Structures are given as C-alpha cells and as structure tokens.
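Please read the structure below before turning to the comments.
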Number of protein chains: 4
Amino acid sequence: MTTHQFQPDHYHVTIGSHEPVLHIAPGDTVITTTVDAAGRDEHDAQATPGGNPQTGPFYIDGAEPGDTLVLYLRRIEPSRPTGWARAALAANVVDPGYVPELPPRDQVIWNIDKTQGAAALADTSTSLGAFSVPLAPMLGCFGVAPADGQAISTATSAEHGGNMDYRGFGPGVTVYFPVFVPGALFHLGDGHAVQGDGEIVGTGIEISMEVEFQVELRKGQRIGWPRGENATHIFTAGNARPLDQALQHATTEMARWLQTDYGLDAVGASILLGQCVEYDVGNVFDPAYTMVCKIAKRLLPAK
Amino acid sequence: MTTHQFQPDHYHVTIGSHEPVLHIAPGDTVITTTVDAAGRDEHDAQATPGGNPQTGPFYIDGAEPGDTLVLYLRRIEPSRPTGWARAALAANVVDPGYVPELPPRDQVIWNIDKTQGAAALADTSTSLGAFSVPLAPMLGCFGVAPADGQAISTATSAEHGGNMDYRGFGPGVTVYFPVFVPGALFHLGDGHAVQGDGEIVGTGIEISMEVEFQVELRKGQRIGWPRGENATHIFTAGNARPLDQALQHATTEMARWLQTDYGLDAVGASILLGQCVEYDVGNVFDPAYTMVCKIAKRLLPAK
Amino acid sequence: MTTHQFQPDHYHVTIGSHEPVLHIAPGDTVITTTVDAAGRDEHDAQATPGGNPQTGPFYIDGAEPGDTLVLYLRRIEPSRPTGWARAALAANVVDPGYVPELPPRDQVIWNIDKTQGAAALADTSTSLGAFSVPLAPMLGCFGVAPADGQAISTATSAEHGGNMDYRGFGPGVTVYFPVFVPGALFHLGDGHAVQGDGEIVGTGIEISMEVEFQVELRKGQRIGWPRGENATHIFTAGNARPLDQALQHATTEMARWLQTDYGLDAVGASILLGQCVEYDVGNVFDPAYTMVCKIAKRLLPAK
Amino acid sequence: MTTHQFQPDHYHVTIGSHEPVLHIAPGDTVITTTVDAAGRDEHDAQATPGGNPQTGPFYIDGAEPGDTLVLYLRRIEPSRPTGWARAALAANVVDPGYVPELPPRDQVIWNIDKTQGAAALADTSTSLGAFSVPLAPMLGCFGVAPADGQAISTATSAEHGGNMDYRGFGPGVTVYFPVFVPGALFHLGDGHAVQGDGEIVGTGIEISMEVEFQVELRKGQRIGWPRGENATHIFTAGNARPLDQALQHATTEMARWLQTDYGLDAVGASILLGQCVEYDVGNVFDPAYTMVCKIAKRLLPAK
C-alpha cells in the first residue's frame, strides 16, 4: 500500500501499449499531475504538444486480460489559476441549418478560485457580464490500453475508456475498467475544472491538474465497458456514434451487471431499469459519443 | 378565468385538427380525465381502442399560428389503484447481439398507493421481490395540432409535442407549445404513474389520470419546439431520430431562447451552454426519440 | 379495365384519408397530371400552394387493410419546357464544419428537351458551362393513406410511401404498397425530370408531369414496406432516420419477401443477401431518409 | 520501376506505424499475398491469428505527411479453391425486433472456380440449391498508417482507409490515400472473392489472395479521405457511424475534389452532385460504416 509521487516528463496522445512509466501494486496510491488538453502545465507552459496528452501509463502488477481494474479517484485539483474554453457551440450539436449563425471558436479564459470553489469568466464584457460557476473538477480522458496492440487516439473513446468527457468522473468516484493487456496500462489526462453535459463547445474549462488515485484489481472479473460508482449510484458508460448506440452499449452493460452482481434475472433487471433508469450524456463532440446509464443504489437488491 | 370540468366521451390516436371538444379562453382551467395508453379508464374498463388515446382537443380562443400556448400542468393524479408496464427491455435500447437474451414482453402490474405516494410491484415473486418506487406522475403524450392538416400518430412526436415520454412533464411544470392552427387544439393522454428515463421497456407505469391544467397565450411569440419550465430550470425538447438529431433540435432551440429572451448574444449563449448545460433523455423507444436541453434558472441573466 | 382521364382541381400536402377524387377498379388505368413540388402546373402557373402537392386520392374498389396495392407506373412525362432545382448542397449532407462553405440555396432553371431526351442548364455561365444530362423522370412523393386516421406530411415518408425521392421510381416500374384503409387511397405528385441519388440539394429537377398508371390488387397479401420491381431487380424501400434504420427496414422486408415468395428459408435468404444484395440511396434530405434493398432477378429461385 | 516479389512471414491486426517489411519507390510494383480474414493462407493453413491480418507495411520512399499515395490495384486473385462466409444476416442490419428470427452464424463454404469465374455454394442442400455467383475479387481492408502514432484495429476504418469492405475496391481500380506518416506505410489484406453491398452477413467470401499493386506519389497534394477511380467514375469513401455521417464525409470530400481539381466552384459542384451523384454502400457491419460518393467521369469538366 505504497503512495507514489510521480512527476511525468513525457506524455502520449494515444492510449496504447506504451512503455510503462511506473509499476504499482494493487492497493497503491499515486499522486501525479496532468497537463491540459493543449499540453500546457501548471505554469501555463507548453510541456508537450496538445491533443489530450496523457500521463502514464502505469503498470498495475498482476493485472491480466479478463480482470477488472478498480480506480479510486481520490483527488482532482486544478493546479494553476486559469483555464480556457471555447466560445462557440460545436457545429455538430446544433441543427445543420443553424451552423452559419454560430460565433467564431475563440478561446475564453476562466479564473479559477479554489478558495471560493468557483470559476469566473476573466472577460466580464461578454453578454454574460460577471459570471461564475462552482468548480466541479473531472478527468475528460483516461483509460487503459486496448487489446490487440491498438493505440487509440485520445480524441476518441471505446471499451477501454478514453475521451469520454463525462462530468461524473470527478473526485470520490470509483471507476472500473476492463483489463485488455498485462499490467492494464492506465493513462490519464484532459482535466476540466468545470464542464457542461456533452462538452458541447468542444471543451470544458481546460486546465492542468494534480491527481491522486488508488488502484485495486478484481481478478478474473470480466466487464465489457467502463463502469463507475459514486455515493448514490452505480453506472456504466457506452462510447459510440450515434448516441443511440452509446446508449445501447451502456444499457446492455448495466443489464448484465444487474444480473451478474445483484441477483436479478432478465425480468427483474428489465423492470428495474424500465421504471428507474437515469441517463447522463457524456460528450457529444468527439468521434465517439458517450452515454451513461445509472441506477440509484437505494433501489438495488442487497449484494 | 373559468374552471371547466370536462368528461371525455371519445378519444383520438392522432394529434391533429379534430373537432374541438371544448372552447376555452386564455386563463381558463380545465379539470378532465385521461385513459391509459391501452384505452382503459379509471374503472380499468376498455373505454376506447389503445394507442395513447388523447382527450380533447381543446380550442383555446384567440390562439393563432405563430403564437405560443402556455400550459400549466397543475395536477396529474392516478385515478385507479393499478397500473401496468412491460417486463422486458425494448429491442432497440440494447446491443443488437443482446436482443435474443431479452425476456418476453409480458405485462407487469403495479399497485398504486396514493397515500404512501408509492407504486409497488403486485407480483412479489420476481427477482426484485417486494419492490416499490415513489410515485412521479407525468403525461407521456400531449401536444397541439400540427400544421398543414397533418394528423400525427400518438406513437410519435415532433415540433407539436406528442409522444415525448419525458418524465419531467409532471405536476407543477409549465410547458410552451408553438401554435400551428387556429385554437391551438390541445390534446392530452398517456399518463404514467412512474417512468424511468427513456421509457426503455416501452412503457411507464401506464394508468388513467385526473388532470388539471390552465392555459395562457403569448400572442405573436413564435417558438420552434416544445419548451418548459419548472422550479429550477428552463428546458427545451427536441424530437427526432437518431438521438443526436433530437439533441441538435433541443440545443438549437435553447440557443435561440437564450438570445431572444435572456439578453445573451451567440457568444454568451455558447459559453453558458458549454459549461452549464444539462441534458435529460426523454423516450428512446418511439419512432422519434426525445432529448431535453436544460439550463438552471440561477445561472440565467435577469430577464 | 377502364382507362380514366383525370384532371385534378385540388391537391393535398398530406397523404391521408381524404375524400377520393375517383373510384377505380383493379385493372383500371388512370391518365392524370401532377403539379411540381412548388404547386406549379404545366403552364408554370401556381395551381396550389407548394409542398409536394398530391393528385388524388384514388379509391381502388375492393382494397382493404391487409391487401397489397400493385401499381404499374406506365408513363411519367414532363409536361412543360422548364424545371427548377436548388444550387446548393443541403446542410445535412455535408460535414457540419463544411456548412459555412455552402453557396446560397438559389434556384436553377433547367430546360427540358423531350426530343433530345435531355435536361440542360438554362444558365450556361456557371462553372459547369453548357451542361446537360439525360432525362430520367420519376415520382418523388407518392403513396397510400396510412392507418389510424393519420395524415402524413408530403415532406416525409414511412410505411405508406410518401416522399421517398428514389430515382428508381420511374416509368416501367411496378410498385407494391401495403393497404391500410379501405380503397387504399393512392396519391401521387412531386415529379422530377432528373434526380441524383439522395436528392442532396433538396430537389431534383422539379417539374409538372403527365402520369399514366394502372392498378391491381393482391387480396390478403400483407407487406410491411413499399416494394418494387423493374426489368432486372426486385427491391424494398425503408424510410427512417438515421439511414442505418432505413437500411434495417429495407433489409428486413427483403428477408421476409425472399422467404414468403421465393422458397428460401432464413439461411438461404441470408446467404443470398450476404453476397448479392445491392443498396440504392433514396433521399437523405427529408425528415425520413430512404434506403432501397435490391436483389437481381436472375439470382432468384424460380417462384 | 522495380517489380518486387514479397512473401510475408508475419501480419498485423492493426494498421499503424509498424516496422516496414519492404521499402519501395514510387513507380514500383509489388506482387505479394494476403491471408484470409481468419488468418488462413493459400493452403488453408493457419498462418497467423485471425482478425483481418495485414500484409506489410510497405514503406514508399519519399512519402511524407500531406502527400497522396496513389495505389493501382493491378491484380487481386483468389489463391485457393475454397472461401468461407457466414450464413446469417448480422443483427445490426435488420430491425431490432427481427433479430430473434435470424439463423445461427454458421460458416458456409464456397468453391472457387477461376476457370469459370464463379463461386459456388459447396453445400447444395440449402434452400438455394445449386447456387453460384460470378467472381468479383476485392480487398476488404487496406490502408496507410494513421497519424499521431495511432494503431487502428483492422476491424474498423477511418480517414486512413482500413476495413471499408467496399466491393468497388477490385482489380483495375486506382485508390488514393492521404499520407499521415513518412513512408505512408501501406497495409493490405482481407480479400473477398465476392461480396454483396454492406457485407451484411459480416463477411464476403473470405479467401487468401495474390495481389499485384503499383504505387505512385502526388507530392504536396493533401486529401481528407480515401478516394478512387475506375473506368467510369471517380469516387470518395467516408467511414463513420451512423451511415449518415459516412455519407457526409464522402460528400464533403467529393465537393472539395470537384472544386480543387475539376474547375468547379461551390455552385457548380452542388448542381452537378445534386442531379448526378451516385452512392454505393460499403460495409454496414463494422464499427465504422462506409459510404461511397461517385460521379461519372463523362459528366466531369475536362481537367
């Protein structure tokens, strides 16, 4: 149960079977840093080229294909006083005929005040005036190496996680990933101080982060898609286009989970999901969209 | 400001320019009843053939194309002691390869206890055992007559509303509809005692209802899609397939609303939506899917 | 086996259970006219408001729900010397980011030369210079009244046919429609002198037509979607969004057809379709897209 | 202008920046072999694990990011007497409710007779009886290494090509690929003796091949998606889900091509595409679907 301090000196814009930067054991904790989506660090200096550069990968000793990696997101904390975002809705989230009415995709700066727990627009001359929102830090892109030697761009997402841009992936959340390669090879990056559902301007408030996470392994427990758990819900994430297919993946994964772990049969899982399911929209900007399927823990049979 | 008691004696399975059952004035309140999706009434008797039969239409005096109908959903209350639902996930909400694992689409009965405010599975022998959920009544299908003499099936939805199956359409909510024909011709039906996001078993807990609503008109205010408002949020609903397109409609409608009514320009609306938008999933079962785009009122500029 | 000459004096912009304009018997032939999509007639005069106005409906004596209407398209001939089209790709057929590069949706006039069998751009000063294409007349929107009292806009399509904009619906083709209401109630309009796949500028070369068609009935033969037949192929049309779903409808309908009418079982139909199917794209512009699934007749088992 | 004989001894199931197996110069020809999708060679022996294993990559001297690789497919010839296919429509190409009616995904053997130019079902006891189709060999999966160190599974496709399963990629066709990495790194495999549009049983007639191809470079000519050319048409391929998006990619790429190379402006390109475009469906089975946008050469302005 070691705690590792790890300072990255290089980054990856694919999630794949890269050389591990550190070997860690189940139970270990890692305290590390991530640069922002553009590759800028805690000093707002260009540390690496942009494109959601990832810290890692971390090799989890004993992890093998068919296992589940358990990831406890202990802390995700902005590490500099400003973040940036885009100022225009993405062309793919509005009606095609409305696209010509969109403003330019300029950059907007947000001031991050950790004492107040708020992000405030630096420019108070927009039509929003003085405008601030509560900090809600999260990781936009993180995951494990995919199977078969694939190296998947950090622009997109799939069964291995990746650029899901789901604002539910914040501190205090447990995430489960299927393990596809020995050591699992966990990568992380693309922190957002705040993000709306869907990441519909193509960014959250992009910022460098300090991150603390702990890992565990569930040997021989095979899952199909990223899963998660917070204080109130269990959830599954499906990644695909169109959103309909992402929803199908997430719903199927939840239907399986309820049957393998919660003592329900297909009828029980259907009845529960039918009247009680909740969906959250992850990104609808990236090549693969993300849909999250949730069930409140209070509704679950005792495990 | 009359209050009308209206007892229907016939119903429609399209929303269209049918003969009005009642003329009402802006400000008036109507207390009426709806049968369930299968056409069964408060005595669980077959009142009319199934298919989301609608009460109405109500002719709102003075409503003309280009106006907005304001609908206050004052009360939506189950009017009999049992509702029914399906026991299997719909084939279109799971991975195509998982379809053969779905159970039969049997009917499940739920007991409705208004005193306890709960719906309980009548059959306690499923894998869920004794299982109940809080009542959260809503209207699945309601709307106004569409343009050009269309009569649109109550199986689906479009700009005029219709079968949106969004669980946010409950008591206390204000709904705005574009008016396409003289009198607006408001229809309502398809009450659900409870429903999960997406209506993914193809039903909520289907039940007959007592409904009280009040109407207003906003003359000359033209909107594109159904809008709504509750204690905490304003929202827009887009109806289409795939879900991506429903989201585009809802997002575009919200971007317009923020600019016409809340003093934002395109940049301000984009920044606000980008970091603060919330999406809810309406139905993902019907021919047209429904996506709801929401903004918290506390984030809005003063009107 | 009467031949009817029918001159319309009114039109419909929905396909529905409108008052029939003529009763005809199975085996009868009708010679009639259609106005163009904008409601302009053979004199280029505004005969009726635009929106794919339909001639009809024709009541086919003896047609009942569950039958199949057989429609022989004998002749579809442009009835005036010019047609019109749009000059810009539709926003929904290009990448969202490319939309701002599209030109204005101006109208383009084409000269129709039936002697030469060609349509030529009237304006020879575009970057295409003097440009002509062979005439290939077709009906963009035609179909039968849908079930349950629906009146479906001629902007869209569904099981009943409608605005499919498939260039395979030309002279010499046999079309099969499911019958949903007594008399079938056949409507037709929206002729195109020429049209590319997909109708991707939102129009073909829109023109008024003289149309000759003959009808038959197949009593008690129930089909699910429009089907067709030409000299070389049988085909099915699916109408929905996204195109994936249109393709699912068309493929499923063809799989059924091969099994009910051509002596194949599910394996035989799968093998045949797997290695020999051909798809044509109908419209990808309208609210519902159209995909056509085809099999060459020479590959079919003898019936 | 060397002709290289290359016999592979290993294969890749991703397309990426793998160690080149051979350096070749623009103008050179390569004669090589591919194993079938399951990794079986000309002796029907298991040469490598399955999953569309690729021969290569070939390093084209002088190719740099921003260039276009020109690939002449000179010969694609089945190299053994039998191929295999699946016997059931894929679950994702039929209506979700039809999935339970699909037969098992058994393997079907086809006898390949190059003298007769035909593929015949080995088992004449299916409902198709004695059934044969003309040989039409093609490559299902081939392409160049993608950017940014990605290694993309041969199950799918993107801007770099990959598993497009388009039956237009046969002998005599010229294919253009964008170059993303030095040397382009061309991979090829997944030959089909015959395949229907869409690859809707999930396979063509899978077989090992002898392939002869020649390469050229167009220095500094940047394209966005795979393009091609045969005796009668030029075409572009878009790869994505849903099919709507694949069509958007292909149409946008063609609109650009017409403007950069054929002297048309946006209006001219729109008019031409609007009335003359043809679409072919590549695969609708893989994670990314493929749509091909074509224009007949006889309609093009002189270059």
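In the structure tokens, chains take the letters A, B, ... in the order shown, each chain's residues start at 1, and ligands count up from 1 in the order shown.
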Could the residues of chain C that have an atom at most 10 Å from chain B be listed as a tab-separated table, each with its closest atom pair and the distance in Å to one decimal, counting only C-alpha atoms and ordered by chain and ascending residue number?
residue	atom	partner	partner_atom	distance
C:His12	CA	B:Gly149	CA	9.1
C:Val13	CA	B:Asp148	CA	7.0
C:Thr14	CA	B:Gln150	CA	6.3
C:Ile15	CA	B:Gln150	CA	8.6
C:Gly16	CA	B:Ala151	CA	8.4
C:Gly51	CA	B:Asp148	CA	9.6
C:Pro146	CA	B:Ser153	CA	9.9
C:Ala147	CA	B:Ser153	CA	9.1
C:Asp148	CA	B:Val13	CA	7.0
C:Gly149	CA	B:Thr14	CA	7.0
C:Gln150	CA	B:Ala151	CA	4.8
C:Ala151	CA	B:Ala151	CA	4.6
C:Ile152	CA	B:Gln150	CA	5.7
C:Ser153	CA	B:Gln150	CA	6.0
C:Thr154	CA	B:Gln150	CA	9.5
C:Ala240	CA	B:Arg241	CA	8.1
C:Arg241	CA	B:Arg241	CA	5.5
C:Pro242	CA	B:Pro242	CA	5.8
C:Leu243	CA	B:Pro242	CA	9.6
C:Asp244	CA	B:Pro242	CA	9.7
C:Gln245	CA	B:Pro242	CA	9.2
C:Pro287	CA	B:Ala240	CA	8.6
C:Ala288	CA	B:Arg241	CA	9.0
How would the residues just chosen look if you wrote them out with C-alpha atoms as a JSON list (two decimals), in the first residue's frame?
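Result went into result_25.json, see below:
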[["chain", "number", "residue", "atom", "x", "y", "z"],
["C", 12, "HIS", "CA", -53.20, 17.64, -50.80],
["C", 13, "VAL", "CA", -49.97, 18.25, -48.89],
["C", 14, "THR", "CA", -50.60, 15.32, -46.63],
["C", 15, "ILE", "CA", -51.17, 11.70, -47.56],
["C", 16, "GLY", "CA", -54.22, 10.64, -45.64],
["C", 51, "GLY", "CA", -45.03, 21.36, -50.53],
["C", 146, "PRO", "CA", -51.69, 5.45, -43.63],
["C", 147, "ALA", "CA", -53.55, 3.70, -40.83],
["C", 148, "ASP", "CA", -55.41, 5.11, -37.85],
["C", 149, "GLY", "CA", -56.54, 8.34, -39.46],
["C", 150, "GLN", "CA", -53.02, 9.68, -39.81],
["C", 151, "ALA", "CA", -52.42, 12.42, -42.38],
["C", 152, "ILE", "CA", -48.69, 12.37, -43.01],
["C", 153, "SER", "CA", -46.92, 15.39, -44.46],
["C", 154, "THR", "CA", -45.71, 15.06, -48.05],
["C", 240, "ALA", "CA", -36.49, 6.39, -41.37],
["C", 241, "ARG", "CA", -33.59, 8.25, -39.81],
["C", 242, "PRO", "CA", -30.77, 7.57, -39.49],
["C", 243, "LEU", "CA", -30.04, 5.88, -42.80],
["C", 244, "ASP", "CA", -28.97, 2.84, -40.75],
["C", 245, "GLN", "CA", -32.55, 2.34, -39.64],
["C", 287, "PRO", "CA", -37.23, 14.13, -42.29],
["C", 288, "ALA", "CA", -37.16, 10.39, -43.03]]
Could you pull out the strand (DSSP E or B) residues of region 20-243 of chain A from DSSP and send them as a VMD selection string? chain A and resid 22 to 24 29 to 34 40 46 54 to 60 68 to 78 82 to 86 107 to 113 118 to 121 132 to 134 138 to 144 151 to 153 157 to 158 161 to 163 174 to 178 186 to 192 206 209 to 218 227 to 229 233 to 240
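Shortest atom-to-atom contact with Phe213 (chain C) among C:Gly62, C:Pro8, C:Pro178, C:Gly27: C:Gly27, counting only C-alpha atoms.
Using only C-alpha atoms, the protein and nucleic acid residues lying no more than 10 Å from Ala63 (chain B), apart from those fewer than 5 places from it along its own chain, are Ala25, Pro26, Thr68, Leu69, Val179, Phe180, Val181, Pro182, Gly183, Ala184, Leu185, Glu216, Leu217, Arg218, Lys219 and Gly220 of chain B.
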Against region 256-277 of chain D, which residues of region 248-302 of chain C fall within 12 Å? For each one I want the closest pair of atoms and the distance in Å (one decimal), counting only C-alpha atoms, rows by chain and increasing residue number, as JSON lines.
{"residue": "C:Asp280", "atom": "CA", "partner": "D:Val277", "partner_atom": "CA", "distance": 11.7}
{"residue": "C:Val281", "atom": "CA", "partner": "D:Val277", "partner_atom": "CA", "distance": 10.4}
{"residue": "C:Gly282", "atom": "CA", "partner": "D:Val277", "partner_atom": "CA", "distance": 11.6}
{"residue": "C:Asn283", "atom": "CA", "partner": "D:Gly274", "partner_atom": "CA", "distance": 11.1}
{"residue": "C:Val284", "atom": "CA", "partner": "D:Gly274", "partner_atom": "CA", "distance": 11.5}
{"residue": "C:Phe285", "atom": "CA", "partner": "D:Gly274", "partner_atom": "CA", "distance": 11.2}
Go ahead and save the residues from that selection, with N, CA and C atoms, as an mmCIF file, in the first residue's frame.
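Written out: out.cif:
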data_model
loop_
_atom_site.group_PDB
_atom_site.id
_atom_site.type_symbol
_atom_site.label_atom_id
_atom_site.label_comp_id
_atom_site.auth_asym_id
_atom_site.auth_seq_id
_atom_site.Cartn_x
_atom_site.Cartn_y
_atom_site.Cartn_z
ATOM 1 N N ASP C 280 -29.511 0.972 -52.934
ATOM 2 C CA ASP C 280 -29.571 2.304 -53.522
ATOM 3 C C ASP C 280 -30.010 3.276 -52.438
ATOM 4 N N VAL C 281 -29.474 4.482 -52.505
ATOM 5 C CA VAL C 281 -29.851 5.523 -51.555
ATOM 6 C C VAL C 281 -30.988 6.345 -52.152
ATOM 7 N N GLY C 282 -32.143 6.350 -51.478
ATOM 8 C CA GLY C 282 -33.207 7.294 -51.842
ATOM 9 C C GLY C 282 -32.830 8.643 -51.255
ATOM 10 N N ASN C 283 -33.813 9.385 -50.769
ATOM 11 C CA ASN C 283 -33.460 10.711 -50.262
ATOM 12 C C ASN C 283 -32.694 10.639 -48.948
ATOM 13 N N VAL C 284 -31.774 11.564 -48.775
ATOM 14 C CA VAL C 284 -31.132 11.813 -47.470
ATOM 15 C C VAL C 284 -31.306 13.285 -47.119
ATOM 16 N N PHE C 285 -32.443 13.813 -47.481
ATOM 17 C CA PHE C 285 -32.717 15.237 -47.255
ATOM 18 C C PHE C 285 -33.953 15.433 -46.380
#
Near region 221-238 of chain A, within 7 Å and counting only C-alpha atoms, which residues show up once chain neighbours fewer than 3 positions away are dropped, as a PyMOL selection string? chain A and resi 66-68+159-161+172-178+218+246-247+249-250+253-254+290-297
To one decimal in Å, tell me the separation between CA of Thr29 (chain A) and CA of Gln116 (chain A). 27.9 Å
What does the distance from CA of Asp106 (chain B) to CA of Thr55 (chain B) come to in Å, to one decimal? 27.2 Å
